[in-house]
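Dumped work-v3.pdb below, it's PDB, C-alpha atoms, pLDDT in the B column:
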ATOM      1  CA  MET A   1       0.000   0.000   0.000  1.00 51.00           C
ATOM      2  CA  SER A   2       1.346   3.377  -0.944  1.00 57.00           C
ATOM      3  CA  PRO A   3       1.703   5.922   1.906  1.00 62.00           C
ATOM      4  CA  ARG A   4      -1.051   8.513   2.266  1.00 64.00           C
ATOM      5  CA  PRO A   5       0.105  11.919   1.105  1.00 69.00           C
ATOM      6  CA  ALA A   6       0.563  14.596   3.788  1.00 69.00           C
ATOM      7  CA  PRO A   7      -2.469  16.930   4.165  1.00 70.00           C
ATOM      8  CA  THR A   8      -2.209  20.390   2.798  1.00 77.00           C
ATOM      9  CA  LEU A   9      -2.283  23.511   5.028  1.00 70.00           C
ATOM     10  CA  ALA A  10      -5.915  24.165   4.033  1.00 72.00           C
ATOM     11  CA  GLU A  11      -6.879  20.587   4.931  1.00 73.00           C
ATOM     12  CA  SER A  12      -5.104  20.884   8.327  1.00 69.00           C
ATOM     13  CA  LEU A  13      -6.894  24.148   9.162  1.00 69.00           C
ATOM     14  CA  ALA A  14     -10.268  22.703   8.120  1.00 72.00           C
ATOM     15  CA  ALA A  15      -9.696  19.598  10.238  1.00 69.00           C
ATOM     16  CA  ALA A  16      -8.710  21.684  13.280  1.00 67.00           C
ATOM     17  CA  GLN A  17     -11.810  23.880  12.939  1.00 70.00           C
ATOM     18  CA  GLU A  18     -14.046  20.821  12.602  1.00 71.00           C
ATOM     19  CA  TRP A  19     -12.503  19.281  15.769  1.00 62.00           C
ATOM     20  CA  TRP A  20     -13.099  22.424  17.868  1.00 63.00           C
ATOM     21  CA  ARG A  21     -16.597  22.799  16.411  1.00 70.00           C
ATOM     22  CA  GLU A  22     -17.522  19.259  17.499  1.00 66.00           C
ATOM     23  CA  ALA A  23     -16.085  20.122  20.931  1.00 62.00           C
ATOM     24  CA  GLY A  24     -18.601  22.973  21.214  1.00 61.00           C
ATOM     25  CA  VAL A  25     -16.233  25.863  20.678  1.00 60.00           C
ATOM     26  CA  ASP A  26     -17.512  28.207  17.991  1.00 62.00           C
ATOM     27  CA  TYR A  27     -15.494  31.343  18.725  1.00 60.00           C
ATOM     28  CA  ALA A  28     -11.938  32.265  19.514  1.00 61.00           C
ATOM     29  CA  TYR A  29     -11.369  33.789  22.968  1.00 60.00           C
ATOM     30  CA  SER A  30      -8.493  35.743  24.442  1.00 59.00           C
ATOM     31  CA  ASP A  31      -7.662  36.594  28.055  1.00 61.00           C
ATOM     32  CA  GLU A  32      -5.995  39.838  27.053  1.00 65.00           C
ATOM     33  CA  PRO A  33      -8.255  42.935  26.857  1.00 64.00           C
ATOM     34  CA  ALA A  34      -8.476  44.602  23.478  1.00 60.00           C
ATOM     35  CA  ALA A  35      -9.196  48.261  22.775  1.00 61.00           C
ATOM     36  CA  TRP A  36     -12.138  48.136  20.406  1.00 56.00           C
ATOM     37  CA  LEU A  37     -12.942  51.861  20.564  1.00 59.00           C
ATOM     38  CA  VAL A  38     -10.382  54.582  20.308  1.00 55.00           C
ATOM     39  CA  ASP A  39     -11.090  57.918  21.925  1.00 57.00           C
ATOM     40  CA  GLU A  40      -9.953  60.373  19.357  1.00 61.00           C
ATOM     41  CA  ALA A  41     -10.841  63.450  21.452  1.00 62.00           C
ATOM     42  CA  PRO A  42      -7.784  65.078  23.066  1.00 63.00           C
ATOM     43  CA  PRO A  43      -7.634  64.893  26.864  1.00 64.00           C
ATOM     44  CA  PRO A  44      -9.069  67.983  28.600  1.00 67.00           C
ATOM     45  CA  GLU A  45      -6.599  70.539  29.834  1.00 68.00           C
ATOM     46  CA  PRO A  46      -6.162  70.612  33.602  1.00 65.00           C
ATOM     47  CA  ALA A  47      -8.185  73.358  35.265  1.00 63.00           C
ATOM     48  CA  ARG A  48      -6.190  76.281  36.460  1.00 66.00           C
ATOM     49  CA  ALA A  49      -6.127  76.682  40.184  1.00 61.00           C
ATOM     50  CA  GLY A  50      -8.271  79.625  41.255  1.00 60.00           C
ATOM     51  CA  PRO A  51      -8.456  81.399  44.572  1.00 64.00           C
ATOM     52  CA  ALA A  52      -9.392  79.139  47.496  1.00 62.00           C
ATOM     53  CA  VAL A  53     -13.026  79.418  48.513  1.00 62.00           C
ATOM     54  CA  ALA A  54     -13.787  78.876  52.203  1.00 62.00           C
ATOM     55  CA  ALA A  55     -16.406  76.262  52.950  1.00 62.00           C
ATOM     56  CA  PRO A  56     -19.613  77.743  54.329  1.00 63.00           C
ATOM     57  CA  THR A  57     -19.852  77.436  58.082  1.00 63.00           C
ATOM     58  CA  ALA A  58     -23.023  76.337  59.805  1.00 57.00           C
ATOM     59  CA  PRO A  59     -24.827  79.138  61.600  1.00 59.00           C
ATOM     60  CA  ARG A  60     -23.980  79.166  65.280  1.00 60.00           C
ATOM     61  CA  GLN A  61     -26.805  77.973  67.447  1.00 54.00           C
ATOM     62  CA  PRO A  62     -27.796  80.476  70.120  1.00 56.00           C
ATOM     63  CA  GLU A  63     -26.961  79.357  73.632  1.00 68.00           C
ATOM     64  CA  ARG A  64     -29.964  78.143  75.569  1.00 73.00           C
ATOM     65  CA  PRO A  65     -30.655  80.032  78.789  1.00 78.00           C
ATOM     66  CA  PRO A  66     -30.209  78.186  82.064  1.00 86.00           C
ATOM     67  CA  VAL A  67     -33.276  76.533  83.534  1.00 89.00           C
ATOM     68  CA  GLY A  68     -35.092  78.993  85.751  1.00 90.00           C
ATOM     69  CA  GLY A  69     -33.394  82.083  84.302  1.00 90.00           C
ATOM     70  CA  ASP A  70     -31.774  84.573  86.651  1.00 91.00           C
ATOM     71  CA  LYS A  71     -31.502  83.121  90.152  1.00 91.00           C
ATOM     72  CA  ALA A  72     -32.064  86.573  91.608  1.00 92.00           C
ATOM     73  CA  ASN A  73     -35.672  86.324  90.382  1.00 93.00           C
ATOM     74  CA  TRP A  74     -36.417  82.895  91.851  1.00 96.00           C
ATOM     75  CA  PRO A  75     -39.360  82.890  94.287  1.00 96.00           C
ATOM     76  CA  THR A  76     -38.536  82.879  97.959  1.00 95.00           C
ATOM     77  CA  ASP A  77     -41.816  81.438  99.258  1.00 94.00           C
ATOM     78  CA  LEU A  78     -43.719  78.316  98.301  1.00 95.00           C
ATOM     79  CA  ALA A  79     -46.910  80.015  97.057  1.00 95.00           C
ATOM     80  CA  ALA A  80     -44.936  82.168  94.620  1.00 97.00           C
ATOM     81  CA  PHE A  81     -42.892  79.143  93.546  1.00 97.00           C
ATOM     82  CA  ARG A  82     -46.045  77.236  92.580  1.00 97.00           C
ATOM     83  CA  SER A  83     -47.105  80.055  90.245  1.00 96.00           C
ATOM     84  CA  TRP A  84     -43.573  80.410  88.887  1.00 97.00           C
ATOM     85  CA  TRP A  85     -43.390  76.639  88.272  1.00 97.00           C
ATOM     86  CA  LEU A  86     -46.430  76.939  86.019  1.00 96.00           C
ATOM     87  CA  ASP A  87     -45.339  80.036  84.089  1.00 95.00           C
ATOM     88  CA  GLU A  88     -41.516  80.279  83.890  1.00 95.00           C
ATOM     89  CA  PRO A  89     -40.691  79.652  80.172  1.00 94.00           C
ATOM     90  CA  THR A  90     -37.209  78.180  80.720  1.00 93.00           C
ATOM     91  CA  LEU A  91     -38.464  75.315  82.877  1.00 93.00           C
ATOM     92  CA  ASP A  92     -39.561  73.295  79.853  1.00 89.00           C
ATOM     93  CA  GLU A  93     -40.122  73.529  76.106  1.00 82.00           C
ATOM     94  CA  GLY A  94     -43.863  72.988  76.031  1.00 86.00           C
ATOM     95  CA  GLY A  95     -45.939  69.927  75.298  1.00 88.00           C
ATOM     96  CA  LEU A  96     -49.428  68.517  75.030  1.00 91.00           C
ATOM     97  CA  HIS A  97     -49.870  68.030  78.771  1.00 95.00           C
ATOM     98  CA  PRO A  98     -50.398  70.846  81.300  1.00 96.00           C
ATOM     99  CA  ARG A  99     -47.900  71.891  83.917  1.00 97.00           C
ATOM    100  CA  ILE A 100     -48.758  70.704  87.421  1.00 97.00           C
ATOM    101  CA  ALA A 101     -47.570  72.403  90.620  1.00 97.00           C
ATOM    102  CA  PRO A 102     -46.261  70.656  93.759  1.00 97.00           C
ATOM    103  CA  ARG A 103     -48.730  69.760  96.523  1.00 96.00           C
ATOM    104  CA  GLY A 104     -48.396  69.931 100.281  1.00 96.00           C
ATOM    105  CA  GLU A 105     -47.214  72.345 102.937  1.00 94.00           C
ATOM    106  CA  PRO A 106     -43.721  73.168 104.228  1.00 95.00           C
ATOM    107  CA  ASP A 107     -42.167  70.970 106.916  1.00 96.00           C
ATOM    108  CA  ALA A 108     -44.110  67.868 105.868  1.00 97.00           C
ATOM    109  CA  ALA A 109     -43.055  64.633 107.504  1.00 97.00           C
ATOM    110  CA  VAL A 110     -42.461  62.952 104.128  1.00 97.00           C
ATOM    111  CA  MET A 111     -42.143  64.289 100.595  1.00 98.00           C
ATOM    112  CA  LEU A 112     -42.619  62.013  97.578  1.00 98.00           C
ATOM    113  CA  LEU A 113     -40.638  63.241  94.559  1.00 98.00           C
ATOM    114  CA  VAL A 114     -41.601  61.619  91.238  1.00 98.00           C
ATOM    115  CA  THR A 115     -40.134  62.170  87.793  1.00 96.00           C
ATOM    116  CA  MET A 116     -43.119  63.962  86.258  1.00 96.00           C
ATOM    117  CA  PRO A 117     -46.887  64.400  86.519  1.00 97.00           C
ATOM    118  CA  GLU A 118     -49.029  61.547  85.275  1.00 97.00           C
ATOM    119  CA  ALA A 119     -50.503  61.747  81.794  1.00 95.00           C
ATOM    120  CA  GLU A 120     -53.972  61.941  83.393  1.00 94.00           C
ATOM    121  CA  ASP A 121     -53.125  64.861  85.689  1.00 96.00           C
ATOM    122  CA  ARG A 122     -55.055  68.064  84.995  1.00 93.00           C
ATOM    123  CA  ASP A 123     -55.960  69.875  88.213  1.00 91.00           C
ATOM    124  CA  GLY A 124     -53.523  68.268  90.626  1.00 95.00           C
ATOM    125  CA  LEU A 125     -50.367  66.203  90.846  1.00 97.00           C
ATOM    126  CA  LEU A 126     -50.632  62.398  90.938  1.00 96.00           C
ATOM    127  CA  THR A 127     -54.374  62.080  90.458  1.00 95.00           C
ATOM    128  CA  GLY A 128     -54.093  58.933  88.305  1.00 96.00           C
ATOM    129  CA  PRO A 129     -53.178  55.291  89.028  1.00 97.00           C
ATOM    130  CA  GLN A 130     -49.667  56.148  90.235  1.00 96.00           C
ATOM    131  CA  GLY A 131     -51.104  58.611  92.725  1.00 96.00           C
ATOM    132  CA  ARG A 132     -53.563  56.025  94.029  1.00 96.00           C
ATOM    133  CA  MET A 133     -50.728  53.537  94.493  1.00 97.00           C
ATOM    134  CA  LEU A 134     -48.582  56.080  96.356  1.00 97.00           C
ATOM    135  CA  GLY A 135     -51.593  57.100  98.432  1.00 96.00           C
ATOM    136  CA  SER A 136     -52.020  53.466  99.494  1.00 96.00           C
ATOM    137  CA  PHE A 137     -48.345  53.327 100.417  1.00 97.00           C
ATOM    138  CA  ALA A 138     -48.625  56.491 102.522  1.00 97.00           C
ATOM    139  CA  GLN A 139     -51.711  55.167 104.276  1.00 96.00           C
ATOM    140  CA  ALA A 140     -50.009  51.840 105.045  1.00 96.00           C
ATOM    141  CA  ALA A 141     -46.949  53.738 106.317  1.00 96.00           C
ATOM    142  CA  GLY A 142     -49.142  55.779 108.661  1.00 96.00           C
ATOM    143  CA  ILE A 143     -48.516  59.099 106.886  1.00 96.00           C
ATOM    144  CA  SER A 144     -51.544  61.391 107.048  1.00 95.00           C
ATOM    145  CA  SER A 145     -52.440  63.663 104.148  1.00 92.00           C
ATOM    146  CA  GLY A 146     -51.389  66.710 106.187  1.00 93.00           C
ATOM    147  CA  ASP A 147     -47.914  65.220 106.723  1.00 96.00           C
ATOM    148  CA  LEU A 148     -47.408  64.333 103.053  1.00 97.00           C
ATOM    149  CA  ALA A 149     -46.012  66.554 100.281  1.00 98.00           C
ATOM    150  CA  LEU A 150     -45.918  65.655  96.575  1.00 98.00           C
ATOM    151  CA  ALA A 151     -43.653  67.119  93.914  1.00 98.00           C
ATOM    152  CA  SER A 152     -42.335  66.224  90.478  1.00 97.00           C
ATOM    153  CA  ALA A 153     -38.907  66.853  89.000  1.00 96.00           C
ATOM    154  CA  LEU A 154     -40.465  68.055  85.728  1.00 96.00           C
ATOM    155  CA  PRO A 155     -43.363  70.500  85.409  1.00 97.00           C
ATOM    156  CA  ARG A 156     -45.328  68.422  82.890  1.00 96.00           C
ATOM    157  CA  HIS A 157     -45.642  64.879  81.576  1.00 96.00           C
ATOM    158  CA  MET A 158     -43.259  64.134  78.698  1.00 92.00           C
ATOM    159  CA  ALA A 159     -42.111  61.049  76.798  1.00 89.00           C
ATOM    160  CA  LEU A 160     -38.304  60.892  77.010  1.00 88.00           C
ATOM    161  CA  PRO A 161     -36.653  63.417  79.333  1.00 90.00           C
ATOM    162  CA  ASP A 162     -32.965  64.112  78.689  1.00 91.00           C
ATOM    163  CA  TRP A 163     -31.800  64.039  82.315  1.00 89.00           C
ATOM    164  CA  GLU A 164     -28.169  64.727  81.444  1.00 88.00           C
ATOM    165  CA  ALA A 165     -29.069  67.847  79.472  1.00 90.00           C
ATOM    166  CA  LEU A 166     -31.388  69.031  82.256  1.00 91.00           C
ATOM    167  CA  ALA A 167     -28.611  68.615  84.811  1.00 91.00           C
ATOM    168  CA  THR A 168     -26.182  70.532  82.585  1.00 91.00           C
ATOM    169  CA  ARG A 169     -28.595  73.454  82.236  1.00 91.00           C
ATOM    170  CA  GLY A 170     -29.132  73.728  85.998  1.00 93.00           C
ATOM    171  CA  HIS A 171     -32.502  72.034  86.479  1.00 94.00           C
ATOM    172  CA  GLY A 172     -31.166  70.356  89.603  1.00 94.00           C
ATOM    173  CA  GLU A 173     -30.581  73.725  91.253  1.00 95.00           C
ATOM    174  CA  VAL A 174     -34.238  74.602  90.693  1.00 96.00           C
ATOM    175  CA  LEU A 175     -35.262  71.287  92.226  1.00 95.00           C
ATOM    176  CA  GLN A 176     -33.040  71.808  95.258  1.00 94.00           C
ATOM    177  CA  HIS A 177     -34.473  75.315  95.608  1.00 96.00           C
ATOM    178  CA  LEU A 178     -37.931  73.729  95.827  1.00 97.00           C
ATOM    179  CA  LEU A 179     -36.719  71.313  98.504  1.00 96.00           C
ATOM    180  CA  GLY A 180     -35.337  74.267 100.440  1.00 95.00           C
ATOM    181  CA  LEU A 181     -38.742  75.950 100.337  1.00 96.00           C
ATOM    182  CA  MET A 182     -40.708  72.834 101.307  1.00 96.00           C
ATOM    183  CA  ARG A 183     -38.233  71.628 103.969  1.00 96.00           C
ATOM    184  CA  PRO A 184     -39.544  68.038 104.262  1.00 96.00           C
ATOM    185  CA  ARG A 185     -38.191  65.912 107.089  1.00 96.00           C
ATOM    186  CA  ARG A 186     -37.826  62.864 104.822  1.00 96.00           C
ATOM    187  CA  LEU A 187     -37.585  62.547 101.046  1.00 96.00           C
ATOM    188  CA  ILE A 188     -38.448  59.518  98.902  1.00 96.00           C
ATOM    189  CA  VAL A 189     -37.169  59.807  95.313  1.00 95.00           C
ATOM    190  CA  PHE A 190     -38.949  57.763  92.638  1.00 96.00           C
ATOM    191  CA  GLY A 191     -36.673  57.299  89.618  1.00 92.00           C
ATOM    192  CA  ARG A 192     -32.945  57.122  88.914  1.00 87.00           C
ATOM    193  CA  GLY A 193     -33.033  60.125  86.558  1.00 88.00           C
ATOM    194  CA  ILE A 194     -33.853  62.470  89.434  1.00 91.00           C
ATOM    195  CA  LEU A 195     -30.678  61.486  91.263  1.00 87.00           C
ATOM    196  CA  SER A 196     -28.476  63.140  88.627  1.00 84.00           C
ATOM    197  CA  LEU A 197     -30.292  66.411  89.371  1.00 89.00           C
ATOM    198  CA  LEU A 198     -29.551  66.028  93.070  1.00 85.00           C
ATOM    199  CA  GLY A 199     -25.802  65.601  92.677  1.00 75.00           C
ATOM    200  CA  HIS A 200     -25.594  61.817  92.325  1.00 64.00           C
ATOM    201  CA  SER A 201     -23.440  60.645  89.405  1.00 58.00           C
ATOM    202  CA  PRO A 202     -25.455  58.492  86.939  1.00 55.00           C
ATOM    203  CA  THR A 203     -22.416  56.201  86.545  1.00 57.00           C
ATOM    204  CA  GLN A 204     -22.709  55.128  90.190  1.00 59.00           C
ATOM    205  CA  LEU A 205     -25.161  52.618  91.533  1.00 58.00           C
ATOM    206  CA  ALA A 206     -28.326  54.222  92.848  1.00 59.00           C
ATOM    207  CA  PRO A 207     -28.267  54.285  96.645  1.00 60.00           C
ATOM    208  CA  ALA A 208     -30.959  52.575  98.660  1.00 54.00           C
ATOM    209  CA  VAL A 209     -30.640  55.090 101.489  1.00 56.00           C
ATOM    210  CA  SER A 210     -28.637  58.298 101.465  1.00 82.00           C
ATOM    211  CA  GLU A 211     -28.744  61.900 102.561  1.00 84.00           C
ATOM    212  CA  LEU A 212     -28.811  65.301 100.884  1.00 86.00           C
ATOM    213  CA  SER A 213     -27.638  68.640 102.140  1.00 87.00           C
ATOM    214  CA  ILE A 214     -30.225  71.295 101.287  1.00 88.00           C
ATOM    215  CA  GLN A 215     -29.200  74.828 102.224  1.00 84.00           C
ATOM    216  CA  GLY A 216     -26.898  73.395 104.874  1.00 87.00           C
ATOM    217  CA  ARG A 217     -29.606  71.170 106.361  1.00 91.00           C
ATOM    218  CA  PRO A 218     -29.313  67.352 106.131  1.00 93.00           C
ATOM    219  CA  LEU A 219     -32.266  65.698 104.415  1.00 93.00           C
ATOM    220  CA  PRO A 220     -32.631  61.898 104.733  1.00 94.00           C
ATOM    221  CA  LEU A 221     -33.296  60.357 101.315  1.00 93.00           C
ATOM    222  CA  LEU A 222     -34.691  57.003 100.248  1.00 94.00           C
ATOM    223  CA  TRP A 223     -34.395  56.073  96.570  1.00 92.00           C
ATOM    224  CA  THR A 224     -36.619  53.634  94.700  1.00 93.00           C
ATOM    225  CA  TYR A 225     -37.826  52.893  91.186  1.00 93.00           C
ATOM    226  CA  ALA A 226     -39.956  55.286  89.141  1.00 95.00           C
ATOM    227  CA  ALA A 227     -43.624  55.245  90.067  1.00 96.00           C
ATOM    228  CA  GLU A 228     -44.709  53.854  86.691  1.00 94.00           C
ATOM    229  CA  ASN A 229     -42.372  50.882  87.205  1.00 95.00           C
ATOM    230  CA  LEU A 230     -43.616  50.258  90.738  1.00 96.00           C
ATOM    231  CA  LEU A 231     -47.145  50.186  89.376  1.00 94.00           C
ATOM    232  CA  LYS A 232     -46.194  47.278  87.078  1.00 94.00           C
ATOM    233  CA  GLU A 233     -43.945  45.243  89.399  1.00 95.00           C
ATOM    234  CA  SER A 234     -45.286  43.937  92.716  1.00 95.00           C
ATOM    235  CA  ARG A 235     -41.816  42.757  93.791  1.00 95.00           C
ATOM    236  CA  ASP A 236     -40.477  46.318  93.420  1.00 95.00           C
ATOM    237  CA  ARG A 237     -43.324  47.587  95.599  1.00 95.00           C
ATOM    238  CA  ALA A 238     -42.438  44.941  98.167  1.00 96.00           C
ATOM    239  CA  ALA A 239     -38.780  46.033  98.032  1.00 94.00           C
ATOM    240  CA  LEU A 240     -39.822  49.648  98.654  1.00 95.00           C
ATOM    241  CA  TRP A 241     -41.851  48.605 101.671  1.00 96.00           C
ATOM    242  CA  ARG A 242     -38.887  46.676 103.132  1.00 95.00           C
ATOM    243  CA  ARG A 243     -36.601  49.681 102.599  1.00 93.00           C
ATOM    244  CA  TRP A 244     -39.133  51.956 104.249  1.00 95.00           C
ATOM    245  CA  LEU A 245     -39.376  49.715 107.314  1.00 95.00           C
ATOM    246  CA  GLU A 246     -35.592  49.450 107.596  1.00 92.00           C
ATOM    247  CA  TRP A 247     -35.243  53.219 107.143  1.00 91.00           C
ATOM    248  CA  THR A 248     -37.801  54.189 109.756  1.00 91.00           C
ATOM    249  CA  ASN A 249     -36.751  51.496 112.227  1.00 86.00           C
ATOM    250  CA  ASP A 250     -33.110  52.596 112.033  1.00 65.00           C
ATOM    251  CA  GLU A 251     -33.993  56.189 112.847  1.00 59.00           C
ATOM    252  CA  SER A 252     -36.353  55.251 115.689  1.00 53.00           C
ATOM    253  CA  ALA A 253     -33.796  52.981 117.317  1.00 46.00           C
TER     254      ALA A 253
END
Please, can you express the file's structure as structure tokens?
Amino acid sequence: MSPRPAPTLAESLAAAQEWWREAGVDYAYSDEPAAWLVDEAPPPEPARAGPAVAAPTAPRQPERPPVGGDKANWPTDLAAFRSWWLDEPTLDEGGLHPRIAPRGEPDAAVMLLVTMPEAEDRDGLLTGPQGRMLGSFAQAAGISSGDLALASALPRHMALPDWEALATRGHGEVLQHLLGLMRPRRLIVFGRGILSLLGHSPTQLAPAVSELSIQGRPLPLLWTYAAENLLKESRDRAALWRRWLEWTNDESA
């Protein structure tokens, strides 16, 4: 048998194409990018540096006045303070609920200091469910209505008080001024936020029993949870009652 003649270049190329076609490869690919479009436009000239323009500064916010305004104008008797508490514009920024004044007379045996009036309060402080709970506590503790004073750290009910900002603006001084006018013999504070207004650092644990100095006079203080929390948790109410008994028994011993 005579040897088969070598294929021509055309036959070799055709055979190679047929092999790749049967393998499913119809196109030629390359991993190297190719420039298909040529940008014939000349590159833009760099912009000439002009004079530097200062960035606009935000308008400076006016400083907010301290809570209570000028201390020289603060009331020096309790009746005037109650009116001032309802009308002084720097004490709060308004809201849907009315301002409510403190209740009770000076030199009360016990003063209950809550964070704010109840949402239901209109004509008096603590006339809603929190007030009824605290009234039951006072009755069980043997505190008559004439020996009980009620006050709130804020003039009106509000959603989320910023206690740190209030302390910075001097709200605590107003509150201590009220305590100096009412001169209670004991003080029960309902709510951790109030403590920052009375000189207690919020980073420290809230004390169970402590003492304030109001105008040079020591004022025994008992701290407990906010009234709205006590209303929900019976175990917190029980803890308050135990603290009260320990507090009063220690002083009577």
Which polymer residues have any atom within 12 Å of an atom of Thr76 of chain A, counting only C-alpha atoms, with same-chain residues fewer than 2 positions away left out, as a list in words?
Lys71, Ala72, Asn73, Trp74, Leu78, Ala79, Ala80, Phe81, Arg82, Ser83, Trp84, Val174, His177, Leu178, Leu179, Gly180, Leu181 and Met182 of chain A
Resulting file, chosen residues, C-alpha atoms, as a compact mmCIF listing (two decimals), in the coordinates of the input:
# COMPACT_ATOMS: atom_id res chain seq x y z
CA LYS A 71 -31.50 83.12 90.15
CA ALA A 72 -32.06 86.57 91.61
CA ASN A 73 -35.67 86.32 90.38
CA TRP A 74 -36.42 82.90 91.85
CA LEU A 78 -43.72 78.32 98.30
CA ALA A 79 -46.91 80.02 97.06
CA ALA A 80 -44.94 82.17 94.62
CA PHE A 81 -42.89 79.14 93.55
CA ARG A 82 -46.04 77.24 92.58
CA SER A 83 -47.10 80.06 90.24
CA TRP A 84 -43.57 80.41 88.89
CA VAL A 174 -34.24 74.60 90.69
CA HIS A 177 -34.47 75.32 95.61
CA LEU A 178 -37.93 73.73 95.83
CA LEU A 179 -36.72 71.31 98.50
CA GLY A 180 -35.34 74.27 100.44
CA LEU A 181 -38.74 75.95 100.34
CA MET A 182 -40.71 72.83 101.31
For atom CA of Trp223 of chain A and atom CA of Met133 of chain A, determine how far apart the two atoms are, in Å to one decimal place.
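For atom CA of Trp223 of chain A relative to atom CA of Met133 of chain A, the distance reads 16.7 Å.
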How far is it from atom CA of Met116 of chain A to atom CA of Ala153 of chain A, in Å with one decimal?
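Between atom CA of Met116 of chain A and atom CA of Ala153 of chain A the gap works out to 5.8 Å.
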Using all atoms listed in the file, the residue out of A:Gly199, A:Pro129, A:Pro65, A:Pro184 with shortest distance to Pro218 of chain A is A:Pro184
Residue contacts of Leu112 of chain A (10 Å, only C-alpha atoms) excluding same-chain residues fewer than 4 positions away, as a PyMOL selection string:
chain A and resi 103+134+138+148-152+184+186-190+222
Report the distance between atom CA of Leu96 of chain A and atom CA of His157 of chain A in Å, rounded to one decimal place.
8.4 Å
Option closest in space to Gln130 of chain A, from A:Arg185, A:Arg242, A:Lys232, A:Arg192 [counting only C-alpha atoms]
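Closest candidate: A:Lys232.
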Could you please give me, as a ChimeraX atom specification, the residues of protein, DNA or RNA lying at most 12 Å from (-31.2, 79.6, 75.6) in the coordinate frame of the file, considering only C-alpha atoms?
/A:61-69,89-93,169
